[in-house]
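Have a look at start_2.txt below; it lists compact mmCIF, C-alpha atoms and all ligand atoms.
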# COMPACT_ATOMS: atom_id res chain seq x y z
CA MET A 1004 20.24 -2.30 -72.73
CA SER A 1005 19.37 -4.67 -70.00
CA ASP A 1006 21.27 -7.94 -69.62
CA ILE A 1007 18.34 -9.85 -68.17
CA GLN A 1008 18.29 -13.53 -69.16
CA TRP A 1009 14.67 -13.61 -70.25
CA ASP A 1010 14.39 -17.39 -70.33
CA LYS A 1011 15.72 -17.75 -66.80
CA ILE A 1012 13.60 -15.27 -64.86
CA GLY A 1013 10.92 -16.75 -62.65
CA PHE A 1014 8.06 -14.88 -61.05
CA ASP A 1015 9.15 -12.54 -58.32
CA ALA A 1016 9.32 -8.96 -57.01
CA TYR A 1017 11.91 -7.56 -59.40
CA ARG A 1018 13.24 -4.05 -58.94
CA THR A 1019 12.49 -1.99 -62.06
CA ASP A 1020 12.91 1.76 -62.67
CA VAL A 1021 9.63 3.34 -61.72
CA VAL A 1022 6.38 2.86 -59.78
CA LEU A 1023 3.36 4.99 -60.77
CA MET A 1024 1.49 6.45 -57.85
CA ALA A 1025 -1.58 8.50 -57.04
CA ARG A 1026 -2.99 9.44 -53.64
CA TRP A 1027 -6.64 9.92 -52.82
CA LYS A 1028 -7.62 12.20 -49.96
CA ASP A 1029 -10.91 13.85 -49.03
CA GLY A 1030 -12.57 12.55 -52.19
CA GLN A 1031 -9.90 13.70 -54.69
CA TRP A 1032 -7.14 11.93 -56.60
CA SER A 1033 -3.76 13.64 -56.71
CA GLU A 1034 -1.66 13.98 -59.85
CA ILE A 1035 -0.10 10.70 -61.00
CA VAL A 1036 3.60 10.68 -60.12
CA GLU A 1037 6.47 8.46 -61.26
CA ASP A 1038 8.40 7.33 -58.22
CA ASP A 1039 11.88 5.82 -58.45
CA THR A 1040 12.52 5.42 -54.74
CA PHE A 1041 10.44 2.23 -54.37
CA ALA A 1042 9.57 3.30 -50.83
CA PHE A 1043 6.33 4.15 -49.10
CA THR A 1044 6.78 6.20 -45.95
CA LEU A 1045 3.74 5.42 -43.84
CA ASP A 1046 2.70 5.96 -40.24
CA PRO A 1047 2.77 2.67 -38.26
CA PHE A 1048 -0.94 3.21 -37.51
CA THR A 1049 -1.77 3.15 -41.24
CA CYS A 1050 -4.83 0.93 -41.55
CA VAL A 1051 -3.44 -1.33 -44.28
CA PHE A 1052 -0.87 -2.69 -41.82
CA HIS A 1053 -3.41 -3.54 -39.14
CA TYR A 1054 -6.61 -4.30 -40.97
CA ALA A 1055 -5.36 -5.51 -44.40
CA VAL A 1056 -7.40 -2.92 -46.33
CA SER A 1057 -5.81 -3.68 -49.68
CA CYS A 1058 -6.53 -5.20 -53.03
CA PHE A 1059 -4.50 -5.73 -56.15
CA GLU A 1060 -4.65 -6.77 -59.79
CA GLY A 1061 -2.35 -8.66 -62.13
CA LEU A 1062 -2.11 -8.31 -65.91
CA LYS A 1063 0.59 -8.78 -68.50
CA ALA A 1064 2.22 -6.70 -71.22
CA PHE A 1065 3.67 -8.53 -74.23
CA SER A 1066 6.04 -7.64 -77.06
CA GLN A 1067 4.33 -8.90 -80.19
CA LYS A 1068 5.70 -10.39 -83.36
CA ASP A 1069 5.18 -7.21 -85.41
CA GLY A 1070 6.89 -5.01 -82.80
CA LYS A 1071 3.72 -3.75 -81.07
CA VAL A 1072 3.45 -3.78 -77.28
CA ILE A 1073 0.11 -4.78 -75.81
CA LEU A 1074 -1.62 -5.15 -72.47
CA PHE A 1075 -3.95 -8.13 -72.33
CA ARG A 1076 -7.55 -7.09 -71.55
CA PRO A 1077 -6.68 -4.25 -69.10
CA GLU A 1078 -10.27 -2.97 -68.97
CA GLU A 1079 -11.30 -6.31 -67.43
CA ASN A 1080 -8.76 -5.81 -64.64
CA ALA A 1081 -9.96 -2.22 -64.17
CA HIS A 1082 -13.52 -3.46 -63.72
CA ARG A 1083 -12.48 -6.19 -61.31
CA MET A 1084 -10.46 -3.73 -59.21
CA GLN A 1085 -13.46 -1.36 -59.13
CA ARG A 1086 -15.65 -4.20 -57.87
CA THR A 1087 -13.11 -5.13 -55.18
CA ALA A 1088 -12.66 -1.47 -54.19
CA ARG A 1089 -16.42 -1.16 -53.65
CA TYR A 1090 -16.32 -4.27 -51.47
CA LEU A 1091 -13.58 -2.73 -49.31
CA GLY A 1092 -15.11 0.76 -49.23
CA LEU A 1093 -12.15 2.21 -51.15
CA PRO A 1094 -12.38 4.73 -54.02
CA GLU A 1095 -12.52 3.13 -57.48
CA PRO A 1096 -9.86 4.14 -60.01
CA SER A 1097 -11.74 4.85 -63.25
CA ASP A 1098 -11.06 2.76 -66.36
CA GLU A 1099 -9.10 5.70 -67.82
CA MET A 1100 -6.95 6.18 -64.72
CA PHE A 1101 -6.29 2.45 -64.32
CA ILE A 1102 -5.32 1.96 -67.96
CA GLU A 1103 -3.28 5.17 -68.17
CA MET A 1104 -1.23 4.17 -65.12
CA CYS A 1105 -0.68 0.64 -66.48
CA GLU A 1106 0.40 2.03 -69.86
CA ARG A 1107 2.74 4.58 -68.27
CA CYS A 1108 4.20 1.87 -66.05
CA VAL A 1109 5.02 -0.25 -69.12
CA ARG A 1110 6.54 2.72 -70.98
CA ALA A 1111 8.60 3.90 -68.00
CA ASN A 1112 9.95 0.38 -67.44
CA ARG A 1113 10.43 -0.59 -71.10
CA GLU A 1114 13.91 -1.97 -70.37
CA PHE A 1115 12.25 -4.72 -68.36
CA LEU A 1116 9.75 -5.71 -71.06
CA PRO A 1117 10.89 -9.05 -72.49
CA PRO A 1118 11.40 -8.89 -76.26
CA TYR A 1119 9.34 -10.99 -78.67
CA GLY A 1120 10.59 -14.55 -78.97
CA HIS A 1121 10.55 -15.44 -75.28
CA ASP A 1122 7.80 -16.89 -73.10
CA ALA A 1123 8.42 -14.15 -70.55
CA SER A 1124 6.29 -11.00 -70.33
CA LEU A 1125 6.03 -7.90 -68.17
CA TYR A 1126 3.70 -8.54 -65.24
CA VAL A 1127 1.90 -5.37 -64.18
CA ARG A 1128 0.67 -5.20 -60.59
CA PRO A 1129 -1.79 -2.44 -59.61
CA LEU A 1130 -2.26 -2.04 -55.85
CA LEU A 1131 -4.96 -0.09 -53.99
CA MET A 1132 -4.61 0.31 -50.23
CA GLY A 1133 -5.82 2.24 -47.22
CA ALA A 1134 -3.14 4.78 -46.30
CA GLN A 1135 -4.80 6.58 -43.41
CA PRO A 1136 -3.56 6.06 -39.83
CA LYS A 1137 -6.73 5.04 -38.01
CA MET A 1138 -8.17 2.68 -35.44
CA GLN A 1139 -11.87 2.79 -36.28
CA LEU A 1140 -13.26 0.03 -38.49
CA THR A 1141 -14.54 2.29 -41.25
CA PRO A 1142 -13.14 3.02 -44.74
CA PRO A 1143 -10.03 5.21 -44.87
CA ASN A 1144 -10.03 8.78 -46.03
CA GLU A 1145 -6.55 8.42 -47.53
CA VAL A 1146 -5.72 5.80 -50.14
CA ILE A 1147 -2.76 4.98 -52.37
CA PHE A 1148 -3.15 3.57 -55.86
CA ALA A 1149 0.20 2.35 -57.16
CA VAL A 1150 1.09 0.45 -60.32
CA MET A 1151 4.35 -1.47 -60.43
CA CYS A 1152 5.68 -4.18 -62.71
CA ALA A 1153 8.20 -6.98 -62.94
CA PRO A 1154 9.51 -9.07 -65.82
CA ALA A 1155 7.94 -12.48 -65.36
CA GLY A 1156 8.68 -15.95 -66.57
CA SER A 1157 6.94 -19.07 -65.39
CA TYR A 1158 5.23 -18.98 -61.98
CA TYR A 1159 6.13 -22.60 -61.21
CA GLY A 1160 9.55 -22.71 -62.89
CA ALA A 1161 8.54 -24.14 -66.28
CA PHE A 1162 5.91 -23.42 -68.92
CA LEU A 1163 3.71 -26.23 -70.20
CA LYS A 1164 4.75 -28.79 -67.66
CA SER A 1165 2.35 -30.51 -65.27
CA PHE A 1166 2.56 -30.19 -61.51
CA ALA A 1167 0.97 -31.87 -58.50
CA ALA A 1168 -1.80 -30.38 -56.36
CA ALA A 1169 -3.31 -31.25 -53.00
CA ILE A 1170 -6.80 -30.63 -51.64
CA PRO A 1171 -6.26 -29.55 -48.02
CA GLN A 1172 -9.52 -30.51 -46.32
CA ASN A 1173 -8.54 -28.86 -43.05
CA TYR A 1174 -8.14 -25.43 -44.70
CA ASP A 1175 -10.63 -23.16 -46.45
CA ARG A 1176 -9.75 -20.30 -48.74
CA ALA A 1177 -12.82 -18.12 -48.36
CA ALA A 1178 -15.88 -18.05 -46.12
CA PRO A 1179 -19.34 -18.51 -47.67
CA LYS A 1180 -20.54 -15.00 -48.55
CA GLY A 1181 -17.01 -13.82 -47.73
CA SER A 1182 -14.23 -12.23 -49.77
CA GLY A 1183 -13.45 -15.17 -52.09
CA SER A 1184 -14.58 -13.53 -55.32
CA TYR A 1185 -12.66 -10.30 -54.62
CA LYS A 1186 -8.94 -9.80 -55.16
CA VAL A 1187 -8.21 -8.71 -51.59
CA GLY A 1188 -4.71 -9.25 -50.21
CA ALA A 1189 -6.05 -11.03 -47.14
CA ASN A 1190 -7.31 -13.96 -49.27
CA TYR A 1191 -3.69 -14.71 -50.11
CA ALA A 1192 -2.26 -14.21 -46.60
CA SER A 1193 -4.25 -17.20 -45.36
CA THR A 1194 -2.72 -19.46 -48.03
CA PHE A 1195 0.94 -18.79 -47.19
CA ARG A 1196 1.25 -21.36 -44.43
CA PRO A 1197 -0.67 -24.18 -46.18
CA TYR A 1198 1.38 -23.50 -49.35
CA GLN A 1199 4.57 -23.83 -47.33
CA ILE A 1200 3.43 -27.19 -45.93
CA ALA A 1201 2.30 -28.40 -49.37
CA HIS A 1202 5.54 -27.31 -51.08
CA ASN A 1203 7.54 -29.24 -48.48
CA GLN A 1204 5.53 -32.32 -49.48
CA GLY A 1205 6.18 -31.83 -53.21
CA TYR A 1206 2.87 -30.20 -54.22
CA GLN A 1207 3.00 -26.96 -56.21
CA GLU A 1208 -0.67 -26.11 -55.85
CA LEU A 1209 -3.55 -26.22 -53.40
CA LEU A 1210 -7.05 -26.87 -54.68
CA TYR A 1211 -9.73 -25.53 -52.35
CA LEU A 1212 -13.26 -26.89 -51.95
CA ASN A 1213 -16.32 -24.73 -51.28
CA SER A 1214 -16.06 -23.95 -47.60
CA LYS A 1215 -19.72 -24.37 -46.69
CA THR A 1216 -20.06 -28.08 -47.55
CA HIS A 1217 -16.66 -29.20 -48.93
CA GLU A 1218 -18.60 -31.01 -51.67
CA PHE A 1219 -17.61 -28.91 -54.69
CA ILE A 1220 -14.43 -27.63 -56.36
CA ASP A 1221 -13.79 -23.91 -55.89
CA GLU A 1222 -10.35 -22.93 -57.15
CA PHE A 1223 -6.61 -23.12 -56.66
CA GLY A 1224 -4.91 -20.70 -54.29
CA SER A 1225 -3.37 -18.83 -57.23
CA SER A 1226 -5.76 -19.52 -60.08
CA ASN A 1227 -9.03 -20.95 -61.40
CA PHE A 1228 -9.76 -24.63 -62.08
CA PHE A 1229 -10.85 -26.27 -65.32
CA GLY A 1230 -11.32 -29.89 -66.29
CA ILE A 1231 -11.57 -31.51 -69.73
CA LYS A 1232 -13.73 -34.53 -70.56
CA ASP A 1233 -15.86 -35.70 -73.51
CA ASN A 1234 -14.92 -32.65 -75.60
CA LYS A 1235 -16.07 -30.37 -72.76
CA TYR A 1236 -14.32 -27.55 -70.92
CA VAL A 1237 -15.81 -27.60 -67.40
CA THR A 1238 -15.15 -24.87 -64.84
CA PRO A 1239 -16.77 -24.11 -61.46
CA LEU A 1240 -19.72 -21.79 -61.05
CA SER A 1241 -19.23 -20.53 -57.51
CA ASP A 1242 -19.63 -17.16 -55.86
CA SER A 1243 -16.49 -17.65 -53.80
CA VAL A 1244 -13.98 -17.92 -56.66
CA LEU A 1245 -12.18 -15.02 -58.29
CA PRO A 1246 -13.69 -14.25 -61.73
CA SER A 1247 -10.54 -15.03 -63.72
CA ILE A 1248 -9.92 -13.09 -66.92
CA THR A 1249 -7.78 -15.94 -68.23
CA ASN A 1250 -10.59 -18.41 -67.57
CA LYS A 1251 -13.12 -16.12 -69.27
CA SER A 1252 -10.79 -15.95 -72.29
CA LEU A 1253 -10.20 -19.71 -72.30
CA GLN A 1254 -13.94 -20.35 -72.29
CA GLU A 1255 -14.16 -18.39 -75.55
CA LEU A 1256 -11.08 -20.09 -77.01
CA ALA A 1257 -12.37 -23.52 -76.00
CA ALA A 1258 -15.64 -22.77 -77.83
CA ASP A 1259 -13.61 -21.56 -80.85
CA LEU A 1260 -11.79 -24.91 -80.79
CA GLY A 1261 -15.11 -26.77 -80.83
CA LEU A 1262 -15.34 -27.69 -77.14
CA VAL A 1263 -18.60 -27.41 -75.22
CA VAL A 1264 -18.17 -25.02 -72.29
CA GLU A 1265 -19.88 -25.87 -69.00
CA LYS A 1266 -19.81 -23.47 -66.07
CA ARG A 1267 -21.43 -25.26 -63.16
CA ALA A 1268 -20.89 -26.78 -59.74
CA ILE A 1269 -18.26 -29.54 -59.94
CA PRO A 1270 -18.65 -32.23 -57.25
CA LEU A 1271 -15.38 -33.47 -55.74
CA GLU A 1272 -16.02 -37.03 -57.03
CA GLU A 1273 -16.21 -35.73 -60.61
CA LEU A 1274 -12.43 -35.25 -60.44
CA SER A 1275 -12.21 -38.97 -61.31
CA GLU A 1276 -13.93 -38.33 -64.67
CA PHE A 1277 -11.65 -35.69 -66.20
CA ASP A 1278 -9.02 -36.58 -68.80
CA GLU A 1279 -7.10 -33.37 -68.16
CA VAL A 1280 -7.17 -30.79 -65.41
CA GLY A 1281 -5.54 -27.39 -65.40
CA ALA A 1282 -4.97 -24.24 -63.38
CA CYS A 1283 -5.45 -20.96 -65.24
CA GLY A 1284 -4.63 -17.37 -64.41
CA THR A 1285 -2.43 -14.48 -65.43
CA ALA A 1286 0.57 -15.68 -63.43
CA VAL A 1287 0.18 -19.42 -64.06
CA VAL A 1288 -1.15 -19.02 -67.67
CA ILE A 1289 -2.37 -22.61 -68.17
CA THR A 1290 -0.66 -25.06 -65.88
CA PRO A 1291 -1.73 -28.67 -66.31
CA ILE A 1292 -2.10 -30.73 -63.16
CA SER A 1293 -0.50 -34.18 -63.09
CA HIS A 1294 -2.43 -35.46 -60.08
CA ILE A 1295 -4.53 -34.25 -57.17
CA ASP A 1296 -4.20 -35.80 -53.71
CA VAL A 1297 -7.08 -35.35 -51.28
CA LYS A 1298 -5.70 -34.84 -47.77
CA GLU A 1299 -7.95 -34.80 -44.74
CA VAL A 1300 -5.14 -33.14 -42.80
CA LEU A 1301 -2.60 -31.39 -44.97
CA GLU A 1302 0.12 -31.72 -42.33
CA ASP A 1303 -0.18 -35.53 -42.29
CA ASN A 1304 1.41 -37.77 -44.87
CA ALA A 1305 -1.81 -39.74 -45.39
CA VAL A 1306 -3.58 -39.31 -48.73
CA THR A 1307 -7.30 -40.19 -48.67
CA LYS A 1308 -7.67 -40.39 -52.43
CA GLN A 1309 -5.63 -39.67 -55.55
CA PHE A 1310 -6.88 -38.47 -58.96
CA ARG A 1311 -4.24 -38.96 -61.64
CA TYR A 1312 -4.31 -37.23 -65.05
CA MET A 1313 -0.79 -37.18 -66.46
CA PRO A 1314 2.59 -38.59 -65.58
CA ASP A 1315 4.43 -35.85 -63.64
CA GLY A 1316 5.64 -33.15 -66.02
CA GLU A 1317 3.63 -34.32 -69.04
CA VAL A 1318 0.86 -32.31 -70.68
CA GLY A 1319 -2.35 -33.41 -72.36
CA PRO A 1320 -3.43 -32.44 -75.89
CA VAL A 1321 -6.30 -30.08 -74.96
CA CYS A 1322 -4.25 -28.11 -72.41
CA THR A 1323 -1.54 -27.78 -75.06
CA ARG A 1324 -4.02 -26.50 -77.67
CA LEU A 1325 -5.57 -24.02 -75.25
CA TYR A 1326 -2.14 -22.80 -74.11
CA LYS A 1327 -1.07 -22.22 -77.71
CA ALA A 1328 -4.35 -20.55 -78.65
CA LEU A 1329 -4.06 -18.07 -75.76
CA THR A 1330 -0.34 -17.31 -75.93
CA SER A 1331 -0.29 -16.95 -79.71
CA ILE A 1332 -2.90 -14.17 -79.47
CA GLN A 1333 -0.92 -12.51 -76.68
CA LYS A 1334 2.29 -12.65 -78.72
CA GLY A 1335 0.58 -11.44 -81.90
CA GLU A 1336 1.21 -14.71 -83.71
CA SER A 1337 -2.44 -15.30 -84.45
CA GLU A 1338 -5.29 -12.95 -85.19
CA ASP A 1339 -6.82 -11.20 -82.19
CA ILE A 1340 -10.37 -12.01 -83.31
CA HIS A 1341 -11.88 -11.19 -79.90
CA GLY A 1342 -10.21 -7.76 -79.61
CA TRP A 1343 -8.31 -8.60 -76.39
CA CYS A 1344 -5.00 -6.88 -77.14
CA HIS A 1345 -4.79 -3.25 -76.04
CA GLU A 1346 -1.91 -1.52 -77.78
CA VAL A 1347 0.49 0.56 -75.67
CA LYS A 1348 2.08 3.27 -77.81
CA MET A 1349 5.74 3.26 -76.88
N1 LIG B 1401 -7.93 -17.13 -58.79
C1 LIG B 1401 -7.09 -16.55 -57.93
C2 LIG B 1401 -7.22 -16.85 -56.50
C3 LIG B 1401 -6.11 -15.67 -58.42
O1 LIG B 1401 -5.27 -15.07 -57.58
C4 LIG B 1401 -6.01 -15.44 -59.79
C5 LIG B 1401 -5.01 -14.52 -60.31
O2 LIG B 1401 -5.26 -13.38 -60.56
C6 LIG B 1401 -6.91 -16.08 -60.63
C7 LIG B 1401 -7.86 -16.92 -60.11
C8 LIG B 1401 -6.84 -15.87 -62.11
O3 LIG B 1401 -7.34 -14.63 -62.48
P1 LIG B 1401 -6.81 -13.93 -63.81
O4 LIG B 1401 -6.96 -14.91 -64.88
O5 LIG B 1401 -7.69 -12.76 -63.99
O6 LIG B 1401 -5.40 -13.56 -63.54
C1 LIG B 1402 -2.13 -13.30 -60.91
O1 LIG B 1402 -2.17 -14.31 -61.61
O2 LIG B 1402 -2.12 -12.16 -61.38
C2 LIG B 1402 -2.12 -13.41 -59.44
O3 LIG B 1402 -2.35 -12.42 -58.81
C3 LIG B 1402 -1.81 -14.70 -58.78
C4 LIG B 1402 -0.78 -14.56 -57.73
C5 LIG B 1402 -0.76 -15.79 -56.92
C6 LIG B 1402 0.57 -14.32 -58.26
Can you present the structure in this file as structure tokens?
Amino acid sequence: MSDIQWDKIGFDAYRTDVVLMARWKDGQWSEIVEDDTFAFTLDPFTCVFHYAVSCFEGLKAFSQKDGKVILFRPEENAHRMQRTARYLGLPEPSDEMFIEMCERCVRANREFLPPYGHDASLYVRPLLMGAQPKMQLTPPNEVIFAVMCAPAGSYYGAFLKSFAAAIPQNYDRAAPKGSGSYKVGANYASTFRPYQIAHNQGYQELLYLNSKTHEFIDEFGSSNFFGIKDNKYVTPLSDSVLPSITNKSLQELAADLGLVVEKRAIPLEELSEFDEVGACGTAVVITPISHIDVKEVLEDNAVTKQFRYMPDGEVGPVCTRLYKALTSIQKGESEDIHGWCHEVKM
């Protein structure tokens, strides 16, 4: 048995037992193999290194109260990866292949699946990337689809605690009509440096505005945005944000809890009207935001405007209810009325 301290793990690349892998070449997928070397041997000309032809997914497996193991809405992740693959000109793993590899990854790494009774879960990370050595700017003829996993606790170091965010007005996340709504690796590469600057200033998150006009809220670097006011759950309608499966689920849970759901453009100034604001996503679950500082230049200390919601660390009542509604379904503590839990036979 593993001696992992489930309540102490954060969110990181954790070495488990096995990675599932399939290769695509000349229009055909290979057999799925279980690899325990954790090594890709690739030619230095492989296009993923030079041209960032890669996309990924993130979903979680949970041990439930009655002993079942489930993946949360894996078909949604399969569909999103297919959409991103089409955008990149890569072959699309079918629903069956995607879900089979995720299930096998959970089974093969069962020692790393946190038991029921902890907030931790097993984070499953499918990766699709161009594996052909090539110089031409056309889709590769060789592709790797790999599914790996890591036991995961809180992304920010604590569950249900609020953190600070900054709006970096001198950085954009995604170009208009660009890759923002796709889960391509390159979207994340461009956030590394601004995150580093923000973290050094005490902000955990970056909230990006729509890049065309900087008038509306898009999303956080790691997750979607929602705001709560007047019994409403408000979240951006924008074609440059990632369609979050957590957000889609929360919209249904918010309606179940009697909130009115609004999906629409959110002007920057409306940030002053929300009672609570949160980040939502697989990794961050629901992370309430204590305050948002608008910064014309992220590198400078000057703050143009501050929107405050909670004292640092504290959490509002609606975020708490939504967090409990979502996580209790995932842990099998409340009825899965929407049919979101996909059982993995162990
Ligand atoms: N937005 C971005 C940029 C993300 O990286 C993620 C994480 O996957 C999300 C939103 C949330 O999506 P999901 O809830 O499907 O994990
Ligand atoms: C996820 O939530 O699955 C993500 O991919 C976000 C990432 C920043 C860890």
Which residues of stretch 1179-1291 of chain A sit at most 12 Å from stretch 1091-1096 of chain A, using only C-alpha atoms? Give each one's shortest atom pair and distance in Å (one decimal place), in chain and ascending residue order, as CSV.
residue,atom,partner,partner_atom,distance
A:Gly1181,CA,A:Leu1091,CA,11.7
A:Ser1182,CA,A:Leu1091,CA,9.5
A:Tyr1185,CA,A:Leu1091,CA,9.3
A:Lys1186,CA,A:Leu1091,CA,10.3
A:Val1187,CA,A:Leu1091,CA,8.4
A:Gly1188,CA,A:Leu1091,CA,11.0
A:Ala1189,CA,A:Leu1091,CA,11.4
Would you tabulate, counting all atoms listed in the file, all residues of stretch 1084-1202 of chain A that have an atom at most 7 Å from an atom of stretch 1022-1030 of chain A, showing the closest pair of atoms and their distance in Å to one decimal, sorted by chain then ascending number, as JSON lines?
{"residue": "A:Met1104", "atom": "CA", "partner": "A:Leu1023", "partner_atom": "CA", "distance": 6.4}
{"residue": "A:Cys1108", "atom": "CA", "partner": "A:Leu1023", "partner_atom": "CA", "distance": 6.2}
{"residue": "A:Asn1144", "atom": "CA", "partner": "A:Lys1028", "partner_atom": "CA", "distance": 5.7}
{"residue": "A:Glu1145", "atom": "CA", "partner": "A:Lys1028", "partner_atom": "CA", "distance": 4.6}
{"residue": "A:Val1146", "atom": "CA", "partner": "A:Trp1027", "partner_atom": "CA", "distance": 5.0}
{"residue": "A:Ile1147", "atom": "CA", "partner": "A:Arg1026", "partner_atom": "CA", "distance": 4.6}
{"residue": "A:Phe1148", "atom": "CA", "partner": "A:Ala1025", "partner_atom": "CA", "distance": 5.3}
{"residue": "A:Ala1149", "atom": "CA", "partner": "A:Met1024", "partner_atom": "CA", "distance": 4.4}
{"residue": "A:Val1150", "atom": "CA", "partner": "A:Leu1023", "partner_atom": "CA", "distance": 5.1}
{"residue": "A:Met1151", "atom": "CA", "partner": "A:Val1022", "partner_atom": "CA", "distance": 4.8}
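For the pair atom CA of A:Glu1103 and atom CA of A:Met1349, the separation is 12.7 Å.
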- [ ] Within 10 Å of A:Gly1316, counting all atoms listed in the file, which residues show up once you throw out same-chain ones fewer than 2 positions away? Write them as an NGL selection string, please.
- [x] :A and (1161 or 1163-1167 or 1291-1293 or 1313-1314 or 1318)
Task: Within 10 Å of ligand LIG 1401 (chain B), counting only C-alpha atoms and all ligand atoms, residues as a ChimeraX atom specification - done: /A:1059-1063,1076-1077,1079-1080,1083,1176-1177,1183-1188,1190-1191,1194,1211,1221-1228,1243-1253,1282-1289
Task: Cut-off 10 Å around (-11.2, -25.3, -76.5) with all atoms listed in the file: residues as a PyMOL selection string - done: chain A and resi 1231+1234-1236+1253-1264+1321-1322+1324-1326+1328
Edge lengths and centre in Å to one decimal, as lines of an AutoDock Vina configuration file, of the axis-aligned box that encloses all listed atoms of ligand LIG 1402 (chain B) with 3 Å added on every side?
center_x = -0.9
center_y = -14.0
center_z = -59.3
size_x = 8.9
size_y = 9.6
size_z = 10.7
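With all atoms listed in the file as the atoms that count, the residue of A:Trp1009, A:Tyr1158, A:Tyr1119, A:Tyr1198 with the shortest distance to A:Gln1067 is A:Tyr1119.
Within 10 Å of A:Glu1272, once only C-alpha atoms are used and residues closer than 2 positions along the same chain are dropped, the contacting residues are Glu1218, Phe1219, Ile1220, Ile1269, Pro1270, Leu1274, Ser1275, Glu1276 and Phe1310 of chain A.
Closest to A:Phe1065 among A:Phe1115, A:Phe1195, A:Tyr1174, A:Tyr1312 is A:Phe1115, based on only C-alpha atoms.
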